[in-house]
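A.B. asks: Structure supplied as structure_3.tsv; contents: TSV, C-alpha atoms.
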```tsv
chain	number	residue	atom	x	y	z
A	1	MET	CA	10.15	24.17	-8.34
A	2	GLU	CA	10.08	21.35	-10.88
A	3	VAL	CA	12.03	21.56	-14.12
A	4	LYS	CA	11.88	19.04	-16.96
A	5	VAL	CA	15.43	18.51	-18.24
A	6	ASN	CA	16.57	16.46	-21.22
A	7	MET	CA	18.77	13.90	-19.37
A	8	HIS	CA	19.45	10.33	-20.48
A	9	CYS	CA	22.40	9.07	-18.43
A	10	VAL	CA	24.21	9.44	-15.12
A	11	ARG	CA	26.73	11.82	-16.70
A	12	CYS	CA	23.94	14.18	-17.80
A	13	ARG	CA	22.46	14.02	-14.30
A	14	THR	CA	25.81	14.85	-12.71
A	15	GLU	CA	26.40	17.82	-15.05
A	16	VAL	CA	22.96	19.27	-14.27
A	17	LEU	CA	23.40	18.80	-10.51
A	18	LYS	CA	26.84	20.43	-10.54
A	19	SER	CA	25.61	23.42	-12.51
A	20	VAL	CA	22.49	24.04	-10.41
A	21	THR	CA	24.03	23.55	-6.97
A	22	LYS	CA	26.36	26.51	-7.59
A	23	LEU	CA	23.42	28.91	-7.35
A	24	LEU	CA	22.85	30.74	-4.07
A	25	GLY	CA	19.64	30.13	-2.11
A	26	ILE	CA	19.20	26.46	-2.92
A	27	GLU	CA	18.31	24.28	0.06
A	28	GLU	CA	17.74	20.95	-1.68
A	29	VAL	CA	18.12	19.51	-5.19
A	30	SER	CA	16.96	16.12	-6.43
A	31	VAL	CA	16.88	14.47	-9.84
A	32	ASP	CA	14.63	11.73	-11.18
A	33	LEU	CA	16.46	10.40	-14.22
A	34	GLU	CA	13.57	8.18	-15.38
A	35	LYS	CA	11.10	11.09	-15.44
A	36	GLN	CA	13.84	13.54	-16.53
A	37	MET	CA	12.74	15.84	-13.71
A	38	LEU	CA	14.79	18.20	-11.53
A	39	VAL	CA	13.27	19.38	-8.22
A	40	VAL	CA	14.80	22.46	-6.58
A	41	VAL	CA	13.80	23.65	-3.11
A	42	GLY	CA	14.93	27.04	-1.86
A	43	ASP	CA	14.80	30.76	-2.53
A	44	VAL	CA	16.17	30.90	-6.05
A	45	ASP	CA	15.04	32.49	-9.32
A	46	PRO	CA	13.60	29.82	-11.67
A	47	VAL	CA	14.91	31.67	-14.72
A	48	LYS	CA	18.46	31.51	-13.33
A	49	VAL	CA	18.08	27.76	-12.78
A	50	VAL	CA	16.97	27.24	-16.38
A	51	LYS	CA	19.79	29.44	-17.73
A	52	ARG	CA	22.34	27.48	-15.70
A	53	ILE	CA	20.98	24.18	-17.05
A	54	LYS	CA	21.01	25.45	-20.63
A	55	LYS	CA	24.71	26.34	-20.25
A	56	THR	CA	25.37	22.59	-19.95
A	57	GLY	CA	23.76	22.07	-23.36
A	58	LYS	CA	20.55	20.53	-22.03
A	59	ARG	CA	17.01	21.64	-22.79
A	60	ALA	CA	15.05	22.76	-19.72
A	61	GLU	CA	11.39	23.62	-19.20
A	62	ILE	CA	9.83	24.94	-15.98
A	63	ILE	CA	6.90	22.73	-14.96
A	64	THR	CA	5.87	24.17	-11.57
A	65	VAL	CA	7.05	26.98	-9.34
A	66	GLY	CA	6.06	27.33	-5.70
A	67	PRO	CA	6.38	25.66	-2.35
A	68	PRO	CA	6.61	21.87	-2.29
A	69	ALA	CA	3.36	19.96	-1.82
A	70	LYS	CA	2.44	19.46	1.81
A	71	PRO	CA	2.15	15.87	3.05
A	72	LYS	CA	-1.32	14.44	3.55
A	73	PRO	CA	-2.58	14.86	7.13
A	74	TYR	CA	-2.67	11.76	9.32
A	75	SER	CA	-6.02	10.03	9.48
A	76	PRO	CA	-6.61	7.29	12.08
A	77	ILE	CA	-8.97	5.50	9.71
A	78	GLY	CA	-7.59	4.82	6.27
A	79	ASP	CA	-9.41	4.42	3.00
A	80	SER	CA	-11.92	1.61	2.84
A	81	ILE	CA	-10.84	-1.56	1.11
A	82	GLN	CA	-13.36	-3.62	-0.80
A	83	ILE	CA	-12.61	-7.26	-1.55
A	84	VAL	CA	-14.97	-9.25	-3.77
A	85	TYR	CA	-14.91	-13.04	-3.50
A	86	PRO	CA	-16.79	-15.22	-5.98
A	87	ASP	CA	-19.19	-17.65	-4.29
A	88	PRO	CA	-17.89	-21.20	-4.88
A	89	ILE	CA	-21.42	-22.67	-5.17
A	90	TYR	CA	-23.24	-20.06	-7.26
A	91	THR	CA	-21.57	-18.81	-10.43
A	92	ASP	CA	-23.43	-15.48	-10.57
A	93	ALA	CA	-23.28	-14.51	-6.87
A	94	PHE	CA	-20.44	-12.59	-5.20
A	95	SER	CA	-19.71	-11.95	-1.54
A	96	THR	CA	-18.40	-8.49	-0.65
A	97	VAL	CA	-16.22	-7.74	2.36
A	98	VAL	CA	-15.52	-4.13	3.33
A	99	GLY	CA	-12.73	-3.32	5.77
A	100	TYR	CA	-10.70	-0.34	6.95
A	101	GLN	CA	-6.95	-0.26	7.03
A	102	GLN	CA	-5.62	0.66	10.47
A	103	PRO	CA	-2.05	2.00	10.67
A	104	CYS	CA	0.25	0.14	13.02
A	105	GLN	CA	3.97	-0.30	13.60
A	106	CYS	CA	4.15	-4.02	12.93
A	107	GLU	CA	6.54	-5.72	10.50
A	108	THR	CA	3.96	-6.00	7.72
A	109	GLY	CA	3.52	-2.24	7.55
A	110	GLY	CA	-0.17	-2.21	8.43
A	111	CYS	CA	-3.10	-4.32	9.56
A	112	VAL	CA	-6.46	-4.75	7.90
A	113	ILE	CA	-9.54	-5.09	10.09
A	114	LEU	CA	-12.43	-6.84	8.36
```
Show this structure as structure tokens.
C.D. replies:
Amino acid sequence: MEVKVNMHCVRCRTEVLKSVTKLLGIEEVSVDLEKQMLVVVGDVDPVKVVKRIKKTGKRAEIITVGPPAKPKPYSPIGDSIQIVYPDPIYTDAFSTVVGYQQPCQCETGGCVIL
């Protein structure tokens, strides 16, 4: 479940976390202070979460309720990458190179095959 909470500082974040983690059925709680978003994972009533947050004096609004989004399945061939290079001789002609990113475990985080 995602809840938008009016938080502006670390103290606000700490108060919200302390109040919510006291509820039973919570497996995981995370806060994104920049987006002012609280994510709660577990078997807990969303209304109880909002009531607990409001007791701290913060405004809270339920954004989504449900299971967390599943990760994207692994694909051996990544999205195609298109690189356009201007031709150094002709000003109105462009060369196009299309490649596919191949996942690998090297230091750069991935290789591109052109």
A.B. asks: Which residues, written as a list of chain:residue names, have at least one atom at most 9 Å from Asp43 in chain A, with only C-alpha atoms counted and residues fewer than 4 positions away on the same chain left out?
C.D. replies: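 My reading of the contact set: A:Leu24, A:Gly25, A:Ile26, A:Glu27.
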A.B. asks: Would you put the residues from that selection into a file with C-alpha atoms, as a PDB file, in the frame of the given file?
C.D. replies:
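Written file, part-v1.pdb:
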```pdb
ATOM      1  CA  LEU A  24      22.850  30.740  -4.070  1.00  0.00           C
ATOM      2  CA  GLY A  25      19.640  30.130  -2.110  1.00  0.00           C
ATOM      3  CA  ILE A  26      19.200  26.460  -2.920  1.00  0.00           C
ATOM      4  CA  GLU A  27      18.310  24.280   0.060  1.00  0.00           C
TER       5      GLU A  27
END
```
A.B. asks: Might you pull out every residue within 10 Å of Cys9 in chain A, with all atoms listed in the file counted and same-chain residues fewer than 5 positions away left off, and present them as a PyMOL selection string?
C.D. replies: chain A and resi 14+33-34+36
A.B. asks: Set the distance at 7 Å and use only C-alpha atoms: which residues neighbour Ile53 in chain A once local chain neighbours fewer than 4 positions away are removed? I'd like the list as a PyMOL selection string.
C.D. replies: chain A and resi 16+19-20+49+58+60
A.B. asks: Could you tell me how far CA of Lys4 in chain A sits from CA of Gly57 in chain A, in Å to one decimal place?
C.D. replies: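 Between CA of Gly57 in chain A and CA of Lys4 in chain A the gap works out to 13.8 Å.
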A.B. asks: Kindly give the distance, in Å, that separates CA of Lys48 in chain A and CA of Val10 in chain A, rounded to a single decimal.
C.D. replies: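 Distance reported for this atom pair: 22.9 Å.
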